[in-house]
Amino acid sequence: MSYKLPTEKDLEAMVGIVGKEYASNNKAITASYLAKSVMGLESQIPDIVVRPKYVEEIRKILVYCSQEKIAVSPVSGGLSGGFACPTIKPGGVLLDLGRMDRIIEIDEKNRYAIVEPGVTNGSLWAYMEKYHPDWAPPIADGAPPAATVMGDAIDRGFSLYTSSVGPQGDNFMAGEIVFPNGDVVRTGSWALPFAKPFYKYGLGPDMWSYLMGSQGTMGVVTKAAVKIYPHPKFKTVIAWGMSNPQDMQDLTLEVGMQEFGVAHNTVMVQGGNYPLVMARWPKDKVPHDYAFYKEMGIPEWWMNWECWAQSQEELDFVTNKINKMAEDFKANRAKDGDAMKPWVLHPKQIASRLKKPNKIAVPYSFWEAGFLFITWYTPWNECAHFAEMYNAAMEKYGFPPVMWIASIERCRQAICMPIVCFDSTKPEDFEKVQALNLETTEYGLKQGWLNYRPDPYIHVQAYYQAGMYWKYLRAFKNLVDPNGIMHPGRLALP
Amino acid sequence: MAKTGMKRLEELKPEIYKCIHCKACRFAYSGEPSRKGIGEHTGKTGKSILYEGMVDSCPAGIEYGWEAFWNAGKVWIARSILSGDLEFTEEVRDVIMPCITCGQCSAQCENKIPTVDIIEALRAALVESGVPMIDKHQLVDRLVKELNNPYGGKADERFKWAKDAGLGKYVNNKEAKIGYYVGCTASYRQVEVAIATAKLFDQLGMNFTLIEEEVCCGSPFFRVGAVDTAQELMNKNLENFKHLEKVYFSCAGCYRTFTIDYPKWMPEGEKLPFKTQHAFELISSLISIPKKKKELPAEIDALKKKLKEKPDKRVEAQIKRLEAEYAKLNEFKGEIKFKPNKELKGKIVTYHDPCHTGRHFAIDMEQEMIKESKNLMFDMRLINQRIEEWFEIPRIILRKLEEDVGIKFTEMYRIKLNSMCCGAGGGVRAGYPEFSLRTASLRCDEANAINADILTTECPFCWRNLTDANEQYNHGMIVMGVLEMISKYNLLDIIEKPEF
C-alpha cells in the first residue's frame with residue numbers, strides 16, 4: 001500500500017475546510033505532537049496537523065484524504081499516559097480533536113453522559129462534581145487527568161468501576177462515527193433519528209464493538225454516550241499483603257467469584273509489587289532492597305479493594321466479608337499464609353487512592369528517563385504466572401520488575417501491566433526494551449494471552465495467529481475505509 | 001552548568017527525555033480534581049471558566065491552542081532538536097517565543113522536569129543558531145546595550161524618582177553595607193513601587209544605598225535566549241554591588257535573577273558575594289518572628305510537661321530543636337504592626353503570587369533539595385513543607401493587615417504553586433503585547449470572580465500588566481503592591497525598631 005506525502009496543496013485543502021488558524025504544517029507544531037514512550041516507542045512527526053471542531057469538517061477531511069490516499073491519525077487527548085495513538089509511518093495528517101470538547105448532555109434518569117472526543121477526565125470530573133454530584137463521571141482511572149473519556153473507551157481502557165462492571169468500552173451505549181467513505185453513522189438505538197442513546201444493541205448487531213479497541217483505525221468517533229453510575233458517599237480501600245503473586249491471584253479470585261453482594265461493590269481491585277512504589281522515585285535516591293520497604297510496612301505483593309456502597313452498613317458488610325475471606329484463605333489455602341496480613345492504610349493513603357482522576361501512573365519517568373506500559377490481558381487465574389514470567393524477564397534485561405495487575409469485571413480478566421522503566425536517552429536501552437517485548441510476546445501468545453495496546457511491529461504476531469478473525473476485521477476495515485487511510489500500521493490493518 | 005544554549009540543552013537531555021506527554025502541565029491543580037472552588041464565572045471577554053478542580057492555566061496554550069504552545073509540546077520540540085528531527089528556524093522561534101516562562105508546567109510535573117530551564121535553553125540555542133530574535137526583542141537588546149535598561153530611559157535618570165521623593169541621600173550612600181536594587185521597571189515605570197519600598201526602609205531605620213551604576217538585572221535576556229547580553233549585565237551588577245553584605249529587592253523578576261540565575265551563570269565555584277532578600281520577606285519577618293518568639297516558650301513548656309509524663313526520644317529531640325530555634329529567634333530585633341484605616345476597612349483585597357518570587361523560587365528550592373536528598377521518599381514531605389512556608393510569607397503580611405487594618409483578605413482560586421500568571425514575563429509583554437494583556441485580563445477576571453476591590457502583588461511587572469488589563473478591559477479594581485499599600489496609606493506602626 002502506498003500513501004501520498006502531503007503537499008502545500010493538501011494543506012490548502014485542509015485550510016479550506018477548517019480555516020487558516022486550525023491547519024498547519026509548521027515544523028515546530030507538527031514535531032510537538034510526538035510521543036515516544038509510555039504506550040509505544042514508535043512515533044513519527046506528522047506532516048500536517050488539523051484541529052477540526054465540527055462533524056462536517058471531519059467528514060470533509062476524511063473524504064479528501066481518502067481520495068488523495070493521505071494517512072490520517074485521529075487523536076482525542078492522545079493520552080492514557082503519553083500519546084497512545086501517535087502518528088507512525090507513513091505520517092500524513094494528525095487530527096487533533098481537542099477542540100471538540102463539549103459535554104453535550106448528562107441524563108441522570110437514563111444514566112448516560114454524551115461527550116465529544118476532547119472531553120478530558122479532569123473537565124468531566126469537575127463538571128459532574130459541581131452539577132451532578134450524585135453521579136460518578138465515566139472517566140479513566142489511572143490515566144492522567146488530561147486523558148479523555150473517548151480515548152479511554154476506544155482503547156477499551158479502565159474506568160472508575162471497571163473491576164465491578166467491566167472495561168470502559170462496555171460502558172459505551174452508543175456512538176457517532178465518521179467513516180473515511182464519508183458516511184456518518186450512529187450506533188445502537190441512536191441510529192434512529194429521534195431515539196435516545198439508551199440501548200447499545202439498538203437496531204440489531206452491535207457495530208460499536210468493531211470500533212472499540214480500534215485506536216482510530218476505522219474512523220473518527222465524534223460523540224459517545226457513556227453510562228454513568230451512582231457516586232456514593234460511602235467508600236473505602238482495604239488491602240492485604242502477601243509474599244507472592246500466586247496468593248494475590250487466588251485470594252482475589254475467591255472474592256471476585258462471590259459476584260453479588262460483595263464483588264459488585266469492589267469497583268477497583270488492583271495490586272502489584274513493591275517496585276511499584278520504588279520506581280516512582282529517582283533510581284539513585286531510593287533504596288532498592290525490599291528490606292527498606294518491609295520496614296516501612298509495604299508488602300512484597302498486595303491487593304487493594306476499593307469498595308463503594310450506598311450505606312455504611314453495606315460498606316462494612318463488604319469489607320468485613322473480604323477480610324474474613326482473606327483470613328480463611330490465609331489459614332487454609334495460601335501458598336505462604338504466614339506472610340499474609342492486612343495492610344492497614346493510613347487515612348491519607350486511602351484518600352490518595354480514592355482521588356480521581358489522578359497522576360498515579362505518571363512519575364515512572366522519574367526513575368530514569370522513560371517508561372513503557374506493555375500491557376496484557378490474561379484470564380484472572382493466570383495473572384500470577386504472567387507476573388512471575390514477566391518479572392523474571394525484566395530482571396534478565398536489567399529493568400526493575402515493576403508489576404501492576406487489576407481485575408476486570410470481577411476477575412473475569414486481568415489487566416497485567418509491567419512498567420518497564422528505562423533510560424530513553426540510551427539507544428541500547430531501546431533495543432533491550434524491544435528485545436524484552438519480543439521475547440515476552442512470543443511466550444505470551446503461546447499461553448493465549450492478549451496484548452492490550454498492540455505494538456505494530458512486535459504484537460502484530462497476534463493477528464497472524466488469529467487469521468480468520470483478522471480476515472473479518474480487515475473486511476470491515478475495507479468496507480468503511482476502502483483506501484486504508486485511517487492510522488495505517490496500527491493493529492496491522494491493512 | 002553549561003554556559004551556552006545548545007550545550008545547556010544537551011545537559012538537560014535526561015530531563016527532556018523524562019516527558020511522557022501526560023499534559024498535566026496544562027492545568028493548575030492537576031493533582032486535585034476534586035478541589036472545591038468558587039464556581040463558574042464569565043469574564044470580561046465573555047469567556048466562562050469553571051473555577052473548580054483542575055483549570056487550564058498555561059497562557060500560551062490557552063491563547064494559541066496548538067500542542068506546540070503547551071509545555072509538553074515544547075519539550076518534545078526540544079527533544080526533536082536534540083535528536084536532529086527538527087532544525088532551528090523562524091517557524092520554531094515563533095512557536096517557542098510566546099511562552100511567559102511562568103513555570104506552571106514545572107509545578108505540575110510529577111517527573112519534576114525543569115521546564116523553564118528547558119525552554120530558556122531552547123531559546124538560547126535558537127539565538128545561537130543564528131535565527132534572528134523577533135523585532136521587539138532585538139530592540140530591547142539594543143536599548144539595554146546603549147542605556148543599561150530595556151525601556152529606553154536615560155541612564156542618568158534611573159534614580160530621578162529617589163531625588164524627587166526626597167530620598168536622594170540614599171543614592172550612592174557610601175556608609176551603607178545594605179543595598180536596594182530597584183530594577184528597571186520600578187525605576188522607569190512603576191516608580192510608586194520604588195518610592196514605597198525606599199520609604200518603608202527609611203521608616204524602619206535601614207541605612208541602605210542605591211547604586212547609581214545599577215544596570216538591568218538581565219532577566220528579559222536570560223528568558224528570551226540573549227544570554228550574552230544577560231551575562232554582560234550580570235557581570236556589571238556583580239562588580240557594582242560586590243562590596244555590599246546584603247541586597248534587597250522590590251521586583252520579583254530581579255530578585256529571581258540575582259538569586260537563582262546569577263549563581264548558575266557565574267563561573268564554577270563562585271558564589272554571590274552578598275545575601276539577597278525581597279522587601280516583603282523583611283516586612284513579613286517583622287510580623288512572624290516576634291509572634292513565634294511569643295508562642296515558642298509555651299510550646300516548649302507543653303512538650304516538657306509531656307516528656308515528664310512519658311519519656312520519649314522524639315519529644316526530647318523536638319524540644320532541643322525548638323530551644324535552638326528560640327535562641328536564634330531571640331537574636332532578631334524588630335516588630336511591626338499596622339494602623340487601622342477607614343478607607344481600607346472592609347475592602348476585599350486579594351493577592352496575586354508573582355511567578356518569579358512564588359513558583360520559581362519554590363521550584364528552585366525543590367530542585368536543590370532533590371539534588372541533596374539521599375532518600376527522596378522521606379524527604380519529599382519536608383520539601384513540600386518548605387514550599388508551603390515560602391508561599392505563606394506574603395500572606396503573613398496580608399493576614400496582619402486584615403487583623404489590624406480591617407481589610408478582608410480573600411484568596412483567588414488559583415494561588416501559590418498553582419497561581420495563574422499575569423502575562424508579563426518571558427519577553428512576552430514586549431514581544432506579544434496583546435496576548436500578554438489578554439492573559440492579564442484572565443487573571444483580573446479571577447479577581448473579579450471573588451469581588452476583589454483591590455488586587456495586590458509584589459512585582460512591578462505584574463503590577464504594570466495587571467493595571468493595563470484592569471483599565472483596558474474595565475475590570476474595575478485598584479491594582480497595587482502590598483508594600484505600596486502600606487506606604488501609601490501610612491499603615492506602618494513600628495513596635496520595636498529592627499536592627500540591620
# chains A, B, ... in the order shown; residues from 1 in each chain; ligands from 1
>>> select_by_dssp(residues="region 171-243 of chain A", states="alpha helix (DSSP H)", output="list in words")
Trp208, Ser209, Tyr210 and Leu211 of chain A
>>> write_last_selection(atoms="all heavy atoms", output="short mmCIF file (atom, residue, chain, number, x, y, z; two decimals), in the first residue's frame")
data_model
loop_
_atom_site.label_atom_id
_atom_site.label_comp_id
_atom_site.auth_asym_id
_atom_site.auth_seq_id
_atom_site.Cartn_x
_atom_site.Cartn_y
_atom_site.Cartn_z
N TRP A 208 -20.76 -1.05 17.31
CA TRP A 208 -19.82 -0.33 18.17
C TRP A 208 -18.60 -1.18 18.49
O TRP A 208 -17.48 -0.68 18.59
CB TRP A 208 -20.53 0.11 19.46
CG TRP A 208 -19.60 0.79 20.40
CD1 TRP A 208 -19.08 0.28 21.55
CD2 TRP A 208 -19.05 2.10 20.24
NE1 TRP A 208 -18.24 1.20 22.13
CE2 TRP A 208 -18.20 2.30 21.35
CE3 TRP A 208 -19.18 3.11 19.30
CZ2 TRP A 208 -17.49 3.49 21.53
CZ3 TRP A 208 -18.48 4.29 19.48
CH2 TRP A 208 -17.64 4.46 20.59
N SER A 209 -18.82 -2.47 18.65
CA SER A 209 -17.70 -3.33 19.04
C SER A 209 -16.61 -3.39 17.99
O SER A 209 -15.48 -3.71 18.30
CB SER A 209 -18.21 -4.73 19.36
OG SER A 209 -19.01 -4.67 20.51
N TYR A 210 -16.96 -3.07 16.74
CA TYR A 210 -15.90 -3.01 15.72
C TYR A 210 -15.01 -1.79 15.93
O TYR A 210 -13.90 -1.72 15.44
CB TYR A 210 -16.52 -2.91 14.32
CG TYR A 210 -16.72 -4.24 13.67
CD1 TYR A 210 -17.99 -4.80 13.55
CD2 TYR A 210 -15.63 -4.96 13.17
CE1 TYR A 210 -18.17 -6.03 12.94
CE2 TYR A 210 -15.80 -6.19 12.58
CZ TYR A 210 -17.08 -6.72 12.47
OH TYR A 210 -17.25 -7.95 11.88
N LEU A 211 -15.58 -0.79 16.60
CA LEU A 211 -14.85 0.46 16.74
C LEU A 211 -14.05 0.51 18.03
O LEU A 211 -12.99 1.11 18.10
CB LEU A 211 -15.84 1.63 16.72
CG LEU A 211 -16.80 1.59 15.55
CD1 LEU A 211 -17.86 2.67 15.71
CD2 LEU A 211 -16.05 1.79 14.25
#
>>> residues_around(residues="Glu56 (chain A)", least_positions_apart="5", cutoff="10 Å", atoms="only C-alpha atoms", output="list in words")
Ile17, Val18, Ile61, Leu62, Val178, Gly182 and Val184 of chain A
>>> interface_residues(of="chain A", to="chain B", cutoff="8 Å", atoms="only C-alpha atoms", output="number ranges by chain")
A: 26-38, 79-83, 122-123, 125-126, 129-130, 144-147, 281-282, 284-287, 355-359, 362-366, 368-370, 424-425
>>> write_last_selection(atoms="C-alpha atoms", output="PDB file, in the first residue's frame")
ATOM      1  CA  ASN A  26       4.675  24.347  10.676  1.00  0.00           C
ATOM      2  CA  LYS A  27       7.539  22.024  11.543  1.00  0.00           C
ATOM      3  CA  ALA A  28       7.623  23.009  15.195  1.00  0.00           C
ATOM      4  CA  ILE A  29       3.902  22.444  15.555  1.00  0.00           C
ATOM      5  CA  THR A  30       3.989  19.053  13.890  1.00  0.00           C
ATOM      6  CA  ALA A  31       7.022  17.972  15.949  1.00  0.00           C
ATOM      7  CA  SER A  32       5.232  18.896  19.152  1.00  0.00           C
ATOM      8  CA  TYR A  33       2.776  16.022  18.687  1.00  0.00           C
ATOM      9  CA  LEU A  34       5.478  13.382  19.029  1.00  0.00           C
ATOM     10  CA  ALA A  35       5.460  10.860  21.844  1.00  0.00           C
ATOM     11  CA  LYS A  36       7.920   8.009  22.107  1.00  0.00           C
ATOM     12  CA  SER A  37       7.312   6.306  25.392  1.00  0.00           C
ATOM     13  CA  VAL A  38       4.609   5.009  27.679  1.00  0.00           C
ATOM     14  CA  LEU A  79      -3.183  10.000  26.242  1.00  0.00           C
ATOM     15  CA  SER A  80      -3.527   7.206  28.696  1.00  0.00           C
ATOM     16  CA  GLY A  81      -0.052   8.351  29.617  1.00  0.00           C
ATOM     17  CA  GLY A  82       1.613   9.748  26.547  1.00  0.00           C
ATOM     18  CA  PHE A  83       0.150   9.738  23.107  1.00  0.00           C
ATOM     19  CA  GLY A 122     -10.483  16.423  34.549  1.00  0.00           C
ATOM     20  CA  SER A 123     -13.101  18.606  32.906  1.00  0.00           C
ATOM     21  CA  TRP A 125     -14.949  15.268  36.749  1.00  0.00           C
ATOM     22  CA  ALA A 126     -15.140  18.942  37.721  1.00  0.00           C
ATOM     23  CA  GLU A 129     -18.861  17.191  40.819  1.00  0.00           C
ATOM     24  CA  LYS A 130     -20.392  20.625  40.519  1.00  0.00           C
ATOM     25  CA  PRO A 144      -3.796  11.308  33.741  1.00  0.00           C
ATOM     26  CA  PRO A 145      -6.457  13.978  34.145  1.00  0.00           C
ATOM     27  CA  ALA A 146      -5.855  15.261  30.612  1.00  0.00           C
ATOM     28  CA  ALA A 147      -6.746  11.873  29.165  1.00  0.00           C
ATOM     29  CA  TRP A 281      11.365   7.932  42.646  1.00  0.00           C
ATOM     30  CA  PRO A 282      14.749   8.609  41.038  1.00  0.00           C
ATOM     31  CA  ASP A 284      19.673   6.914  42.765  1.00  0.00           C
ATOM     32  CA  LYS A 285      17.534   8.400  45.509  1.00  0.00           C
ATOM     33  CA  VAL A 286      15.701   5.411  46.932  1.00  0.00           C
ATOM     34  CA  PRO A 287      16.827   2.069  48.320  1.00  0.00           C
ATOM     35  CA  LYS A 355      -8.660  10.502  44.419  1.00  0.00           C
ATOM     36  CA  LYS A 356      -9.757  10.518  40.807  1.00  0.00           C
ATOM     37  CA  PRO A 357      -8.586  11.348  38.256  1.00  0.00           C
ATOM     38  CA  ASN A 358      -5.031  11.113  39.409  1.00  0.00           C
ATOM     39  CA  LYS A 359      -1.444  11.253  38.251  1.00  0.00           C
ATOM     40  CA  VAL A 362       2.877   9.413  35.659  1.00  0.00           C
ATOM     41  CA  PRO A 363       6.042   9.539  37.773  1.00  0.00           C
ATOM     42  CA  TYR A 364       7.662   6.351  36.487  1.00  0.00           C
ATOM     43  CA  SER A 365       9.817   8.581  34.330  1.00  0.00           C
ATOM     44  CA  PHE A 366      11.335   9.928  37.496  1.00  0.00           C
ATOM     45  CA  GLU A 368      15.394   7.161  34.833  1.00  0.00           C
ATOM     46  CA  ALA A 369      14.007   8.920  31.790  1.00  0.00           C
ATOM     47  CA  GLY A 370      11.229   6.978  30.252  1.00  0.00           C
ATOM     48  CA  SER A 424      15.229   6.613  26.899  1.00  0.00           C
ATOM     49  CA  THR A 425      18.327   8.712  26.233  1.00  0.00           C
TER      50      THR A 425
END
>>> residues_around(residues="Gly241 (chain A)", least_positions_apart="5", cutoff="10 Å", atoms="only C-alpha atoms", output="ChimeraX atom specification")
/A:247-248,271-273,297-304,339-344
>>> closest_residue(among="A:Gly213, A:Met242, A:Phe422, A:Pro400", to="Ala334 (chain A)", atoms="only C-alpha atoms")
A:Met242
>>> select_by_dssp(residues="region 420-487 of chain A", states="strand (DSSP E)", output="PyMOL selection string")
chain A and resi 420-421+450-451
>>> residues_around(residues="region 46-48 of chain B", least_positions_apart="5", cutoff="10 Å", atoms="only C-alpha atoms", output="MDAnalysis selection string")
chainID B and resid 40:41 442 445
>>> residues_around(residues="Ile48 (chain A)", least_positions_apart="6", cutoff="7 Å", atoms="only C-alpha atoms", output="ChimeraX atom specification")
/A:11,24-25,30,92-94
>>> residues_around(residues="Phe234 (chain A)", least_positions_apart="5", cutoff="8 Å", atoms="only C-alpha atoms", output="MDAnalysis selection string")
chainID A and resid 308:312 315
>>> residues_around(residues="region 461-472 of chain B", least_positions_apart="3", cutoff="7 Å", atoms="only C-alpha atoms", output="list in words")
Thr185, Pro354, Cys422, Ala424, Leu437, Ala440, Ser441, Cys444, Thr457, His475, Gly476, Met477, Val479, Met480 and Gly481 of chain B
>>> atom_distance(atom1="CA of Leu436 (chain A)", atom2="CA of Arg412 (chain A)")
27.0 Å
>>> atom_distance(atom1="CA of Ile62 (chain B)", atom2="CA of Tyr351 (chain B)")
22.6 Å
>>> closest_residue(among="A:Ala174, A:Leu251, A:Met278, A:Val267", to="Lys324 (chain A)", atoms="only C-alpha atoms")
A:Leu251
>>> atom_distance(atom1="CA of Val405 (chain B)", atom2="CA of Lys333 (chain B)")
23.4 Å
>>> decode(residues="region 365-405 of chain B", atoms="N, CA and C atoms", output="PDB file, in the first residue's frame")
ATOM      1  N   MET B 365      13.937  25.745  44.917  1.00  0.00           N
ATOM      2  CA  MET B 365      14.153  25.152  46.246  1.00  0.00           C
ATOM      3  C   MET B 365      13.959  23.634  46.163  1.00  0.00           C
ATOM      4  N   GLU B 366      12.914  23.237  45.494  1.00  0.00           N
ATOM      5  CA  GLU B 366      12.602  21.817  45.352  1.00  0.00           C
ATOM      6  C   GLU B 366      13.728  21.104  44.612  1.00  0.00           C
ATOM      7  N   GLN B 367      14.183  21.665  43.512  1.00  0.00           N
ATOM      8  CA  GLN B 367      15.233  21.036  42.708  1.00  0.00           C
ATOM      9  C   GLN B 367      16.521  20.899  43.516  1.00  0.00           C
ATOM     10  N   GLU B 368      16.853  21.931  44.284  1.00  0.00           N
ATOM     11  CA  GLU B 368      18.074  21.875  45.109  1.00  0.00           C
ATOM     12  C   GLU B 368      17.949  20.800  46.168  1.00  0.00           C
ATOM     13  N   MET B 369      16.777  20.742  46.802  1.00  0.00           N
ATOM     14  CA  MET B 369      16.593  19.751  47.865  1.00  0.00           C
ATOM     15  C   MET B 369      16.564  18.334  47.296  1.00  0.00           C
ATOM     16  N   ILE B 370      16.035  18.189  46.097  1.00  0.00           N
ATOM     17  CA  ILE B 370      16.043  16.866  45.453  1.00  0.00           C
ATOM     18  C   ILE B 370      17.484  16.444  45.163  1.00  0.00           C
ATOM     19  N   LYS B 371      18.257  17.400  44.703  1.00  0.00           N
ATOM     20  CA  LYS B 371      19.672  17.099  44.400  1.00  0.00           C
ATOM     21  C   LYS B 371      20.412  16.618  45.642  1.00  0.00           C
ATOM     22  N   GLU B 372      20.134  17.260  46.764  1.00  0.00           N
ATOM     23  CA  GLU B 372      20.837  16.933  48.008  1.00  0.00           C
ATOM     24  C   GLU B 372      20.310  15.664  48.665  1.00  0.00           C
ATOM     25  N   SER B 373      19.115  15.277  48.315  1.00  0.00           N
ATOM     26  CA  SER B 373      18.445  14.198  49.043  1.00  0.00           C
ATOM     27  C   SER B 373      19.112  12.851  48.819  1.00  0.00           C
ATOM     28  N   LYS B 374      19.154  12.073  49.900  1.00  0.00           N
ATOM     29  CA  LYS B 374      19.670  10.699  49.763  1.00  0.00           C
ATOM     30  C   LYS B 374      18.489   9.723  49.692  1.00  0.00           C
ATOM     31  N   ASN B 375      17.362  10.121  50.242  1.00  0.00           N
ATOM     32  CA  ASN B 375      16.173   9.274  50.185  1.00  0.00           C
ATOM     33  C   ASN B 375      14.964  10.187  49.982  1.00  0.00           C
ATOM     34  N   LEU B 376      14.564  10.272  48.751  1.00  0.00           N
ATOM     35  CA  LEU B 376      13.532  11.253  48.402  1.00  0.00           C
ATOM     36  C   LEU B 376      12.163  10.865  48.938  1.00  0.00           C
ATOM     37  N   MET B 377      11.951   9.580  49.154  1.00  0.00           N
ATOM     38  CA  MET B 377      10.664   9.142  49.719  1.00  0.00           C
ATOM     39  C   MET B 377      10.455   9.795  51.080  1.00  0.00           C
ATOM     40  N   PHE B 378      11.542   9.892  51.844  1.00  0.00           N
ATOM     41  CA  PHE B 378      11.452  10.510  53.162  1.00  0.00           C
ATOM     42  C   PHE B 378      11.448  12.029  53.043  1.00  0.00           C
ATOM     43  N   ASP B 379      12.244  12.539  52.143  1.00  0.00           N
ATOM     44  CA  ASP B 379      12.482  13.984  52.127  1.00  0.00           C
ATOM     45  C   ASP B 379      11.384  14.797  51.447  1.00  0.00           C
ATOM     46  N   MET B 380      10.545  14.145  50.686  1.00  0.00           N
ATOM     47  CA  MET B 380       9.554  14.891  49.899  1.00  0.00           C
ATOM     48  C   MET B 380       8.594  15.675  50.789  1.00  0.00           C
ATOM     49  N   ARG B 381       8.284  15.111  51.941  1.00  0.00           N
ATOM     50  CA  ARG B 381       7.337  15.801  52.831  1.00  0.00           C
ATOM     51  C   ARG B 381       7.928  17.119  53.308  1.00  0.00           C
ATOM     52  N   LEU B 382       9.211  17.063  53.676  1.00  0.00           N
ATOM     53  CA  LEU B 382       9.884  18.278  54.141  1.00  0.00           C
ATOM     54  C   LEU B 382       9.958  19.309  53.018  1.00  0.00           C
ATOM     55  N   ILE B 383      10.244  18.827  51.807  1.00  0.00           N
ATOM     56  CA  ILE B 383      10.333  19.733  50.653  1.00  0.00           C
ATOM     57  C   ILE B 383       9.001  20.456  50.468  1.00  0.00           C
ATOM     58  N   ASN B 384       7.920  19.697  50.518  1.00  0.00           N
ATOM     59  CA  ASN B 384       6.598  20.320  50.340  1.00  0.00           C
ATOM     60  C   ASN B 384       6.283  21.309  51.455  1.00  0.00           C
ATOM     61  N   GLN B 385       6.761  20.983  52.646  1.00  0.00           N
ATOM     62  CA  GLN B 385       6.543  21.886  53.787  1.00  0.00           C
ATOM     63  C   GLN B 385       7.271  23.201  53.580  1.00  0.00           C
ATOM     64  N   ARG B 386       8.497  23.102  53.123  1.00  0.00           N
ATOM     65  CA  ARG B 386       9.297  24.311  52.886  1.00  0.00           C
ATOM     66  C   ARG B 386       8.643  25.186  51.835  1.00  0.00           C
ATOM     67  N   ILE B 387       8.096  24.553  50.810  1.00  0.00           N
ATOM     68  CA  ILE B 387       7.438  25.300  49.740  1.00  0.00           C
ATOM     69  C   ILE B 387       6.208  26.018  50.299  1.00  0.00           C
ATOM     70  N   GLU B 388       5.452  25.326  51.097  1.00  0.00           N
ATOM     71  CA  GLU B 388       4.254  25.930  51.690  1.00  0.00           C
ATOM     72  C   GLU B 388       4.639  27.123  52.569  1.00  0.00           C
ATOM     73  N   GLU B 389       5.706  26.967  53.339  1.00  0.00           N
ATOM     74  CA  GLU B 389       6.190  28.071  54.195  1.00  0.00           C
ATOM     75  C   GLU B 389       6.597  29.267  53.352  1.00  0.00           C
ATOM     76  N   TRP B 390       7.213  29.021  52.212  1.00  0.00           N
ATOM     77  CA  TRP B 390       7.636  30.092  51.318  1.00  0.00           C
ATOM     78  C   TRP B 390       6.439  30.915  50.847  1.00  0.00           C
ATOM     79  N   PHE B 391       5.394  30.236  50.439  1.00  0.00           N
ATOM     80  CA  PHE B 391       4.224  30.946  49.928  1.00  0.00           C
ATOM     81  C   PHE B 391       3.465  31.683  51.023  1.00  0.00           C
ATOM     82  N   GLU B 392       3.677  31.267  52.256  1.00  0.00           N
ATOM     83  CA  GLU B 392       2.987  31.932  53.365  1.00  0.00           C
ATOM     84  C   GLU B 392       3.568  33.310  53.654  1.00  0.00           C
ATOM     85  N   ILE B 393       4.790  33.554  53.240  1.00  0.00           N
ATOM     86  CA  ILE B 393       5.477  34.792  53.629  1.00  0.00           C
ATOM     87  C   ILE B 393       4.665  36.051  53.301  1.00  0.00           C
ATOM     88  N   PRO B 394       4.239  36.266  52.074  1.00  0.00           N
ATOM     89  CA  PRO B 394       3.433  37.475  51.826  1.00  0.00           C
ATOM     90  C   PRO B 394       2.077  37.411  52.520  1.00  0.00           C
ATOM     91  N   ARG B 395       1.570  36.216  52.742  1.00  0.00           N
ATOM     92  CA  ARG B 395       0.243  36.072  53.360  1.00  0.00           C
ATOM     93  C   ARG B 395       0.251  36.443  54.840  1.00  0.00           C
ATOM     94  N   ILE B 396       1.413  36.313  55.440  1.00  0.00           N
ATOM     95  CA  ILE B 396       1.555  36.757  56.832  1.00  0.00           C
ATOM     96  C   ILE B 396       1.277  38.254  56.897  1.00  0.00           C
ATOM     97  N   ILE B 397       1.785  38.977  55.920  1.00  0.00           N
ATOM     98  CA  ILE B 397       1.568  40.435  55.885  1.00  0.00           C
ATOM     99  C   ILE B 397       0.074  40.713  55.672  1.00  0.00           C
ATOM    100  N   LEU B 398      -0.512  40.021  54.717  1.00  0.00           N
ATOM    101  CA  LEU B 398      -1.919  40.298  54.387  1.00  0.00           C
ATOM    102  C   LEU B 398      -2.850  39.930  55.532  1.00  0.00           C
ATOM    103  N   ARG B 399      -2.530  38.850  56.235  1.00  0.00           N
ATOM    104  CA  ARG B 399      -3.404  38.483  57.362  1.00  0.00           C
ATOM    105  C   ARG B 399      -3.258  39.485  58.509  1.00  0.00           C
ATOM    106  N   LYS B 400      -2.057  40.021  58.647  1.00  0.00           N
ATOM    107  CA  LYS B 400      -1.843  41.049  59.677  1.00  0.00           C
ATOM    108  C   LYS B 400      -2.580  42.327  59.289  1.00  0.00           C
ATOM    109  N   LEU B 401      -2.587  42.624  58.003  1.00  0.00           N
ATOM    110  CA  LEU B 401      -3.347  43.790  57.534  1.00  0.00           C
ATOM    111  C   LEU B 401      -4.838  43.579  57.797  1.00  0.00           C
ATOM    112  N   GLU B 402      -5.274  42.373  57.641  1.00  0.00           N
ATOM    113  CA  GLU B 402      -6.682  42.060  57.901  1.00  0.00           C
ATOM    114  C   GLU B 402      -6.993  42.281  59.385  1.00  0.00           C
ATOM    115  N   GLU B 403      -6.083  41.789  60.216  1.00  0.00           N
ATOM    116  CA  GLU B 403      -6.286  41.869  61.662  1.00  0.00           C
ATOM    117  C   GLU B 403      -6.256  43.316  62.142  1.00  0.00           C
ATOM    118  N   ASP B 404      -5.276  44.080  61.648  1.00  0.00           N
ATOM    119  CA  ASP B 404      -5.058  45.425  62.192  1.00  0.00           C
ATOM    120  C   ASP B 404      -5.814  46.521  61.450  1.00  0.00           C
ATOM    121  N   VAL B 405      -5.899  46.361  60.126  1.00  0.00           N
ATOM    122  CA  VAL B 405      -6.448  47.455  59.309  1.00  0.00           C
ATOM    123  C   VAL B 405      -7.925  47.239  59.005  1.00  0.00           C
TER     124      VAL B 405
END
